[in-house]
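Structure data (compact mmCIF, N, CA, C and O atoms) from coords-v6.txt:
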# COMPACT_ATOMS: atom_id res chain seq x y z
N ALA A 300 -6.02 7.31 -17.02
CA ALA A 300 -6.64 7.09 -15.72
C ALA A 300 -7.26 5.69 -15.70
O ALA A 300 -7.50 5.10 -16.74
N GLY A 301 -7.58 5.22 -14.53
CA GLY A 301 -8.20 3.91 -14.39
C GLY A 301 -7.86 3.30 -13.05
O GLY A 301 -7.13 3.86 -12.25
N GLU A 302 -8.39 2.13 -12.81
CA GLU A 302 -8.15 1.42 -11.57
C GLU A 302 -6.71 0.93 -11.55
O GLU A 302 -6.17 0.48 -12.56
N PHE A 303 -6.04 1.02 -10.41
CA PHE A 303 -4.61 0.75 -10.27
C PHE A 303 -4.18 -0.57 -10.89
O PHE A 303 -3.28 -0.62 -11.74
N CYS A 304 -4.79 -1.67 -10.49
CA CYS A 304 -4.37 -2.99 -10.99
C CYS A 304 -4.61 -3.12 -12.49
O CYS A 304 -3.78 -3.67 -13.22
N GLU A 305 -5.72 -2.61 -12.96
CA GLU A 305 -6.06 -2.67 -14.38
C GLU A 305 -5.01 -1.95 -15.23
O GLU A 305 -4.59 -2.44 -16.26
N VAL A 306 -4.55 -0.81 -14.77
CA VAL A 306 -3.58 -0.01 -15.53
C VAL A 306 -2.18 -0.60 -15.42
O VAL A 306 -1.50 -0.80 -16.43
N TYR A 307 -1.72 -0.90 -14.21
CA TYR A 307 -0.33 -1.26 -14.01
C TYR A 307 -0.02 -2.74 -14.23
O TYR A 307 1.13 -3.10 -14.44
N ASN A 308 -1.01 -3.61 -14.23
CA ASN A 308 -0.76 -5.01 -14.58
C ASN A 308 -0.28 -5.14 -16.02
O ASN A 308 0.39 -6.10 -16.37
N LYS A 309 -0.63 -4.18 -16.85
CA LYS A 309 -0.23 -4.19 -18.26
C LYS A 309 1.18 -3.65 -18.46
O LYS A 309 1.69 -3.66 -19.57
N GLN A 310 1.80 -3.17 -17.39
CA GLN A 310 3.13 -2.55 -17.49
C GLN A 310 4.19 -3.42 -16.82
O GLN A 310 4.97 -2.95 -15.99
N GLU A 311 4.22 -4.69 -17.19
CA GLU A 311 5.16 -5.62 -16.58
C GLU A 311 6.60 -5.17 -16.74
O GLU A 311 7.01 -4.76 -17.82
N LYS A 312 7.33 -5.24 -15.62
CA LYS A 312 8.76 -4.92 -15.59
C LYS A 312 9.08 -3.57 -16.26
O LYS A 312 10.04 -3.44 -17.00
N SER A 313 8.26 -2.56 -15.96
CA SER A 313 8.40 -1.24 -16.58
C SER A 313 9.02 -0.19 -15.67
O SER A 313 9.48 0.83 -16.15
N TRP A 314 9.00 -0.41 -14.38
CA TRP A 314 9.37 0.65 -13.44
C TRP A 314 10.56 0.24 -12.57
O TRP A 314 10.63 -0.87 -12.08
N ASN A 315 11.47 1.20 -12.35
CA ASN A 315 12.59 0.98 -11.43
C ASN A 315 12.16 1.14 -9.98
O ASN A 315 12.74 0.54 -9.09
N CYS A 316 11.16 1.97 -9.76
CA CYS A 316 10.70 2.26 -8.40
C CYS A 316 9.21 2.56 -8.40
O CYS A 316 8.70 3.21 -9.32
N VAL A 317 8.53 2.08 -7.38
CA VAL A 317 7.13 2.43 -7.14
C VAL A 317 7.04 2.97 -5.72
O VAL A 317 7.54 2.34 -4.78
N VAL A 318 6.44 4.14 -5.58
CA VAL A 318 6.25 4.75 -4.26
C VAL A 318 4.75 4.80 -3.99
O VAL A 318 3.99 5.32 -4.81
N THR A 319 4.35 4.24 -2.85
CA THR A 319 2.94 4.28 -2.45
C THR A 319 2.85 5.03 -1.13
O THR A 319 3.48 4.66 -0.15
N CYS A 320 2.09 6.08 -1.13
CA CYS A 320 1.94 6.92 0.05
C CYS A 320 0.46 7.02 0.40
O CYS A 320 -0.34 7.52 -0.40
N PHE A 321 0.09 6.50 1.59
CA PHE A 321 -1.31 6.47 2.01
C PHE A 321 -2.17 5.84 0.91
O PHE A 321 -3.19 6.37 0.53
N PHE A 322 -1.72 4.69 0.42
CA PHE A 322 -2.38 4.10 -0.75
C PHE A 322 -2.80 2.65 -0.60
O PHE A 322 -3.93 2.30 -0.94
N ILE A 323 -1.91 1.76 -0.14
CA ILE A 323 -2.21 0.33 -0.26
C ILE A 323 -3.46 -0.11 0.50
O ILE A 323 -4.08 -1.09 0.14
N ASP A 324 -3.84 0.64 1.52
CA ASP A 324 -5.05 0.27 2.28
C ASP A 324 -6.33 0.74 1.61
O ASP A 324 -7.42 0.55 2.13
N THR A 325 -6.21 1.36 0.42
CA THR A 325 -7.40 1.78 -0.31
C THR A 325 -7.97 0.65 -1.17
O THR A 325 -9.01 0.82 -1.80
N ALA A 326 -7.30 -0.48 -1.19
CA ALA A 326 -7.73 -1.61 -2.02
C ALA A 326 -8.78 -2.45 -1.31
O ALA A 326 -8.72 -2.63 -0.10
N ASN A 327 -9.70 -2.97 -2.09
CA ASN A 327 -10.59 -4.01 -1.55
C ASN A 327 -9.77 -5.26 -1.27
O ASN A 327 -9.99 -5.94 -0.28
N ASN A 328 -8.82 -5.52 -2.17
CA ASN A 328 -7.97 -6.70 -2.05
C ASN A 328 -6.52 -6.25 -2.08
O ASN A 328 -5.93 -6.07 -3.15
N ILE A 329 -5.95 -6.04 -0.92
CA ILE A 329 -4.58 -5.53 -0.81
C ILE A 329 -3.57 -6.49 -1.45
O ILE A 329 -2.53 -6.06 -1.94
N LEU A 330 -3.90 -7.77 -1.50
CA LEU A 330 -3.01 -8.75 -2.11
C LEU A 330 -2.84 -8.47 -3.61
O LEU A 330 -1.74 -8.60 -4.15
N GLU A 331 -3.92 -8.07 -4.27
CA GLU A 331 -3.84 -7.73 -5.69
C GLU A 331 -2.95 -6.51 -5.91
O GLU A 331 -2.19 -6.46 -6.88
N TYR A 332 -3.05 -5.52 -5.03
CA TYR A 332 -2.18 -4.34 -5.15
C TYR A 332 -0.72 -4.74 -5.04
O TYR A 332 0.11 -4.31 -5.84
N ILE A 333 -0.39 -5.56 -4.07
CA ILE A 333 1.01 -5.95 -3.86
C ILE A 333 1.51 -6.79 -5.04
O ILE A 333 2.63 -6.61 -5.50
N GLU A 334 0.68 -7.69 -5.55
CA GLU A 334 1.06 -8.48 -6.72
C GLU A 334 1.29 -7.58 -7.93
O GLU A 334 2.23 -7.79 -8.71
N THR A 335 0.46 -6.58 -8.10
CA THR A 335 0.61 -5.64 -9.21
C THR A 335 1.90 -4.84 -9.09
O THR A 335 2.62 -4.66 -10.08
N ILE A 336 2.20 -4.37 -7.89
CA ILE A 336 3.45 -3.64 -7.66
C ILE A 336 4.63 -4.54 -8.00
O ILE A 336 5.56 -4.12 -8.69
N SER A 337 4.59 -5.77 -7.55
CA SER A 337 5.66 -6.72 -7.84
C SER A 337 5.82 -6.94 -9.34
O SER A 337 6.94 -6.97 -9.86
N LYS A 338 4.72 -7.09 -10.03
CA LYS A 338 4.73 -7.38 -11.46
C LYS A 338 5.27 -6.21 -12.29
O LYS A 338 5.97 -6.41 -13.28
N CYS A 339 4.97 -4.98 -11.90
CA CYS A 339 5.36 -3.85 -12.73
C CYS A 339 6.80 -3.37 -12.47
O CYS A 339 7.33 -2.59 -13.24
N LEU A 340 7.43 -3.87 -11.41
CA LEU A 340 8.81 -3.49 -11.12
C LEU A 340 9.80 -4.27 -11.97
O LEU A 340 9.64 -5.47 -12.20
N LYS A 341 10.85 -3.58 -12.42
CA LYS A 341 11.95 -4.24 -13.10
C LYS A 341 12.72 -5.08 -12.09
O LYS A 341 12.55 -4.91 -10.87
N GLU A 342 13.58 -5.97 -12.57
CA GLU A 342 14.42 -6.76 -11.68
C GLU A 342 15.24 -5.81 -10.81
O GLU A 342 15.78 -4.81 -11.30
N ASN A 343 15.32 -6.10 -9.52
CA ASN A 343 15.99 -5.25 -8.52
C ASN A 343 15.31 -3.90 -8.34
O ASN A 343 15.92 -2.97 -7.82
N GLY A 344 14.06 -3.79 -8.76
CA GLY A 344 13.30 -2.56 -8.54
C GLY A 344 12.99 -2.37 -7.06
O GLY A 344 13.06 -3.30 -6.27
N VAL A 345 12.63 -1.15 -6.71
CA VAL A 345 12.40 -0.78 -5.31
C VAL A 345 10.96 -0.32 -5.13
O VAL A 345 10.43 0.45 -5.93
N TRP A 346 10.35 -0.81 -4.05
CA TRP A 346 9.03 -0.34 -3.64
C TRP A 346 9.19 0.37 -2.31
O TRP A 346 9.70 -0.19 -1.35
N ILE A 347 8.75 1.62 -2.25
CA ILE A 347 8.76 2.40 -1.02
C ILE A 347 7.31 2.65 -0.64
O ILE A 347 6.53 3.18 -1.44
N ASN A 348 6.94 2.27 0.57
CA ASN A 348 5.57 2.45 1.04
C ASN A 348 5.56 3.28 2.31
O ASN A 348 6.42 3.11 3.19
N PHE A 349 4.59 4.17 2.41
CA PHE A 349 4.41 4.97 3.62
C PHE A 349 2.93 5.16 3.86
O PHE A 349 2.19 5.52 2.94
N GLY A 350 2.49 4.89 5.06
CA GLY A 350 1.09 5.13 5.39
C GLY A 350 0.51 4.03 6.26
O GLY A 350 1.07 2.95 6.39
N PRO A 351 -0.63 4.32 6.86
CA PRO A 351 -1.27 3.37 7.77
C PRO A 351 -2.06 2.29 7.03
O PRO A 351 -2.23 2.36 5.82
N LEU A 352 -2.52 1.32 7.78
CA LEU A 352 -3.41 0.28 7.27
C LEU A 352 -4.79 0.49 7.85
O LEU A 352 -5.19 -0.16 8.81
N LEU A 353 -5.53 1.44 7.28
CA LEU A 353 -6.87 1.76 7.79
C LEU A 353 -7.97 0.97 7.09
O LEU A 353 -9.07 0.86 7.62
N TYR A 354 -7.70 0.46 5.92
CA TYR A 354 -8.64 -0.33 5.14
C TYR A 354 -9.97 0.41 4.97
O TYR A 354 -10.87 0.32 5.78
N HIS A 355 -10.07 1.12 3.87
CA HIS A 355 -11.18 2.01 3.58
C HIS A 355 -12.54 1.32 3.49
O HIS A 355 -13.56 1.96 3.66
N TYR A 356 -12.57 0.03 3.21
CA TYR A 356 -13.85 -0.67 3.03
C TYR A 356 -14.27 -1.47 4.26
O TYR A 356 -15.25 -2.20 4.22
N THR A 357 -13.57 -1.28 5.36
CA THR A 357 -13.80 -2.11 6.54
C THR A 357 -15.23 -2.05 7.08
O THR A 357 -15.75 -3.04 7.54
N ASP A 358 -15.87 -0.91 7.01
CA ASP A 358 -17.21 -0.76 7.59
C ASP A 358 -18.32 -0.75 6.55
O ASP A 358 -19.47 -0.45 6.88
N ILE A 359 -18.01 -1.09 5.32
CA ILE A 359 -19.02 -1.11 4.26
C ILE A 359 -19.45 -2.55 4.04
O ILE A 359 -18.70 -3.36 3.50
N GLN A 360 -20.66 -2.85 4.48
CA GLN A 360 -21.16 -4.23 4.46
C GLN A 360 -21.23 -4.82 3.06
O GLN A 360 -21.09 -6.03 2.90
N THR A 361 -21.45 -4.00 2.05
CA THR A 361 -21.62 -4.50 0.69
C THR A 361 -20.30 -4.65 -0.07
O THR A 361 -20.30 -5.05 -1.23
N GLU A 362 -19.20 -4.35 0.57
CA GLU A 362 -17.88 -4.42 -0.08
C GLU A 362 -17.02 -5.50 0.56
O GLU A 362 -16.98 -5.64 1.77
N CYS A 363 -16.32 -6.24 -0.29
CA CYS A 363 -15.33 -7.20 0.19
C CYS A 363 -14.09 -6.41 0.62
O CYS A 363 -13.72 -5.44 -0.03
N SER A 364 -13.48 -6.79 1.71
CA SER A 364 -12.28 -6.10 2.16
C SER A 364 -11.34 -7.11 2.82
O SER A 364 -11.66 -7.68 3.85
N ILE A 365 -10.17 -7.31 2.20
CA ILE A 365 -9.16 -8.17 2.79
C ILE A 365 -8.28 -7.29 3.66
O ILE A 365 -7.65 -6.36 3.18
N GLU A 366 -8.25 -7.58 4.95
CA GLU A 366 -7.59 -6.71 5.93
C GLU A 366 -6.58 -7.50 6.74
O GLU A 366 -6.92 -8.17 7.71
N LEU A 367 -5.32 -7.40 6.32
CA LEU A 367 -4.25 -8.10 7.00
C LEU A 367 -3.52 -7.16 7.94
O LEU A 367 -3.41 -5.96 7.67
N SER A 368 -3.00 -7.71 9.02
CA SER A 368 -2.15 -6.93 9.92
C SER A 368 -0.81 -6.69 9.23
O SER A 368 -0.49 -7.34 8.22
N TRP A 369 0.00 -5.78 9.76
CA TRP A 369 1.32 -5.54 9.19
C TRP A 369 2.16 -6.82 9.23
O TRP A 369 2.88 -7.13 8.29
N GLU A 370 2.07 -7.57 10.32
CA GLU A 370 2.83 -8.82 10.43
C GLU A 370 2.43 -9.80 9.33
O GLU A 370 3.27 -10.46 8.73
N GLU A 371 1.14 -9.92 9.06
CA GLU A 371 0.65 -10.81 8.00
C GLU A 371 1.09 -10.31 6.62
O GLU A 371 1.49 -11.09 5.77
N LEU A 372 1.00 -8.99 6.42
CA LEU A 372 1.41 -8.40 5.15
C LEU A 372 2.89 -8.61 4.87
O LEU A 372 3.28 -8.86 3.74
N LYS A 373 3.71 -8.52 5.91
CA LYS A 373 5.15 -8.74 5.72
C LYS A 373 5.42 -10.13 5.16
O LYS A 373 6.28 -10.30 4.30
N LEU A 374 4.69 -11.12 5.63
CA LEU A 374 4.85 -12.48 5.11
C LEU A 374 4.51 -12.53 3.62
O LEU A 374 5.24 -13.13 2.83
N VAL A 375 3.40 -11.92 3.24
CA VAL A 375 2.98 -11.89 1.84
C VAL A 375 4.03 -11.17 0.99
O VAL A 375 4.44 -11.65 -0.07
N ILE A 376 4.47 -10.02 1.47
CA ILE A 376 5.44 -9.20 0.74
C ILE A 376 6.73 -9.97 0.49
O ILE A 376 7.26 -9.98 -0.62
N THR A 377 7.22 -10.63 1.51
CA THR A 377 8.47 -11.38 1.33
C THR A 377 8.28 -12.63 0.46
O THR A 377 9.17 -13.00 -0.29
N LYS A 378 7.12 -13.26 0.53
CA LYS A 378 6.84 -14.42 -0.34
C LYS A 378 6.78 -14.02 -1.80
O LYS A 378 7.03 -14.84 -2.68
N LEU A 379 6.46 -12.76 -2.08
CA LEU A 379 6.44 -12.28 -3.46
C LEU A 379 7.83 -11.82 -3.92
O LEU A 379 7.97 -11.31 -5.02
N GLY A 380 8.84 -12.03 -3.08
CA GLY A 380 10.20 -11.76 -3.49
C GLY A 380 10.79 -10.43 -3.04
O GLY A 380 11.94 -10.13 -3.32
N PHE A 381 10.00 -9.63 -2.34
CA PHE A 381 10.53 -8.38 -1.83
C PHE A 381 11.43 -8.64 -0.63
O PHE A 381 11.19 -9.56 0.15
N LYS A 382 12.45 -7.82 -0.47
CA LYS A 382 13.28 -7.81 0.74
C LYS A 382 12.98 -6.52 1.48
O LYS A 382 13.07 -5.44 0.89
N ILE A 383 12.62 -6.63 2.74
CA ILE A 383 12.35 -5.43 3.53
C ILE A 383 13.69 -4.93 4.05
O ILE A 383 14.31 -5.56 4.90
N ILE A 384 14.12 -3.80 3.51
CA ILE A 384 15.43 -3.25 3.84
C ILE A 384 15.35 -2.35 5.06
O ILE A 384 16.24 -2.34 5.91
N ARG A 385 14.29 -1.59 5.16
CA ARG A 385 14.13 -0.68 6.29
C ARG A 385 12.66 -0.64 6.68
O ARG A 385 11.79 -0.55 5.83
N GLU A 386 12.43 -0.71 7.97
CA GLU A 386 11.06 -0.67 8.50
C GLU A 386 11.08 0.23 9.72
O GLU A 386 11.94 0.09 10.59
N SER A 387 10.15 1.17 9.78
CA SER A 387 10.08 2.04 10.95
C SER A 387 8.66 2.57 11.12
O SER A 387 7.88 2.61 10.17
N LEU A 388 8.34 2.93 12.34
CA LEU A 388 7.09 3.61 12.64
C LEU A 388 7.40 5.10 12.74
O LEU A 388 8.31 5.50 13.47
N GLU A 389 6.65 5.88 12.01
CA GLU A 389 6.86 7.32 11.99
C GLU A 389 5.58 8.03 12.36
O GLU A 389 4.50 7.62 11.94
N LYS A 390 5.70 9.11 13.10
CA LYS A 390 4.56 9.96 13.39
C LYS A 390 4.33 10.84 12.17
O LYS A 390 5.26 11.45 11.65
N CYS A 391 3.09 10.87 11.68
CA CYS A 391 2.82 11.59 10.45
C CYS A 391 1.46 12.28 10.52
O CYS A 391 0.45 11.63 10.79
N GLY A 392 1.46 13.56 10.29
CA GLY A 392 0.20 14.28 10.18
C GLY A 392 -0.48 13.97 8.87
O GLY A 392 0.18 13.86 7.84
N TYR A 393 -1.77 13.80 8.89
CA TYR A 393 -2.51 13.49 7.68
C TYR A 393 -3.37 14.67 7.25
O TYR A 393 -3.37 15.07 6.12
N THR A 394 -4.15 15.16 8.19
CA THR A 394 -4.94 16.35 7.92
C THR A 394 -4.73 17.32 9.06
O THR A 394 -4.47 16.94 10.19
N GLY A 395 -4.87 18.56 8.77
CA GLY A 395 -4.72 19.57 9.81
C GLY A 395 -4.56 20.93 9.18
O GLY A 395 -4.17 21.06 8.02
N GLU A 396 -4.83 21.90 9.95
CA GLU A 396 -4.71 23.28 9.51
C GLU A 396 -4.28 24.08 10.72
O GLU A 396 -4.86 23.95 11.79
N GLY A 397 -3.25 24.87 10.57
CA GLY A 397 -2.65 25.58 11.70
C GLY A 397 -3.61 26.40 12.53
O GLY A 397 -3.43 26.55 13.74
N ASN A 398 -4.67 26.93 11.94
CA ASN A 398 -5.64 27.76 12.66
C ASN A 398 -6.84 26.96 13.16
O ASN A 398 -7.80 27.54 13.66
N SER A 399 -6.78 25.67 13.02
CA SER A 399 -7.89 24.79 13.40
C SER A 399 -7.54 24.02 14.67
O SER A 399 -6.39 23.88 15.03
N MET A 400 -8.57 23.48 15.31
CA MET A 400 -8.33 22.64 16.49
C MET A 400 -8.25 21.16 16.08
O MET A 400 -8.02 20.32 16.92
N MET A 401 -8.44 20.86 14.82
CA MET A 401 -8.45 19.46 14.38
C MET A 401 -7.14 19.11 13.68
O MET A 401 -6.66 19.84 12.83
N GLU A 402 -6.61 17.96 14.04
CA GLU A 402 -5.45 17.41 13.35
C GLU A 402 -5.49 15.90 13.49
O GLU A 402 -5.77 15.38 14.57
N VAL A 403 -5.24 15.18 12.42
CA VAL A 403 -5.17 13.72 12.44
C VAL A 403 -3.69 13.35 12.30
O VAL A 403 -3.02 13.79 11.37
N VAL A 404 -3.20 12.54 13.24
CA VAL A 404 -1.81 12.11 13.22
C VAL A 404 -1.79 10.59 13.35
O VAL A 404 -2.46 10.03 14.20
N TYR A 405 -1.02 9.95 12.48
CA TYR A 405 -0.86 8.50 12.55
C TYR A 405 0.52 8.19 13.11
O TYR A 405 1.49 8.89 12.86
N THR A 406 0.60 7.10 13.86
CA THR A 406 1.89 6.63 14.38
C THR A 406 2.09 5.20 13.94
O THR A 406 1.20 4.42 13.91
Is it possible to express this structure as structure tokens?
Amino acid sequence: AGEFCEVYNKQEKSWNCVVTCFFIDTANNILEYIETISKCLKENGVWINFGPLLYHYTDIQTECSIELSWEELKLVITKLGFKIIRESLEKCGYTGEGNSMMEVVYT
């Protein structure tokens, strides 16, 4: 266990695929997460990402939070050598319970 960048920066070129689901926006510095993903992938490795950009630290005054739009992130991602093969907006339930009146859905 440990912090994502601390653990996976040590695993250079170790993974064929990295899947991030509702994850990359949990970083104080999303750029470090993307650099770490890039570093730990083998040549021609694949990164699959799914989830919104809510940025968990956005309202915490004592925390640094780098918050890029999807358009800005795409530039960073491609500059790090990734090719975006497929991009789509999907409707996705995050929390909910069939017998409840509450449900969170992201688009």
### Task
Select from chain A everything DSSP, run on the backbone, classes as helix (DSSP H, G or I), then give the selection as a PyMOL selection string.
chain A and resi 303-307+323-325+329-339+369-378
### Task
Can you list, as a ChimeraX atom specification, all residues belonging to chain A that DSSP tags as strand (DSSP E or B)?
/A:314-320,328,340-349,365,391-395,402-405
### Task
Pick out the residues sitting within 10 Å of Phe322 (chain A), and hand them over as a ChimeraX atom specification; count only C-alpha atoms, and ignore anything fewer than 6 positions along from it in its own chain.
/A:329,332,348-354
#### Entry: Gap from atom O of Tyr307 (chain A) to atom O of Ile323 (chain A) - Å, one decimal
15.6 Å
#### Entry: Best match for closeness to Ile333 (chain A) among A:Thr319, A:Thr357, A:Ser399, A:Ser368, counting only C-alpha atoms
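Looking at the shortest contact to Ile333 (chain A), the residue is A:Thr319.
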### Message
Could you tell me how far atom N of His355 (chain A) sits from atom N of Glu386 (chain A), in Å to one decimal place?
### Response
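Separating atom N of Glu386 (chain A) from atom N of His355 (chain A) is a distance of 22.9 Å.
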### Query
Which residue out of A:Ile365, A:Cys320, A:Val404, A:Leu379 has the minimum interatomic distance to Glu334 (chain A) when only N, CA, C and O atoms are used?
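Going through A:Ile365, A:Cys320, A:Val404, A:Leu379 one by one, the smallest distance to Glu334 (chain A) is for A:Leu379.
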### Computed interatomic separation between atom N of Ile336 (chain A) and atom C of Gln310 (chain A) (Å)
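Atom N of Ile336 (chain A) sits 9.2 Å away from atom C of Gln310 (chain A).
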### Task
Dump as a ChimeraX atom specification all residues having an atom at most 8 Å from (7.2, -4.4, -10.3), computed in the file's coordinates with all atoms listed in the file.
/A:307,310-317,333-342,344-346
### Message
Considering all atoms listed in the file, can you say which of A:Glu370, A:Asn343, A:Lys309, A:Tyr405 comes closest to Glu389 (chain A)?
### Response
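Looking only at the distances to Glu389 (chain A), the closest residue turns out to be A:Tyr405.
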### Message
Set the distance at 7 Å and use only C-alpha atoms: which residues neighbour Thr406 (chain A) once local chain neighbours fewer than 4 positions away are removed? I'd like the list as a list in words.
### Response
Leu388, Glu389, Lys390 and Cys391 of chain A
Using 5 Å of padding on each side, determine the axis-aligned box around all atoms of region 370-388 of chain A present in the file and give its centre and edge lengths in Å to one decimal, as lines of an AutoDock Vina configuration file.
center_x = 8.4
center_y = -4.7
center_z = 4.2
size_x = 25.6
size_y = 30.3
size_z = 28.5
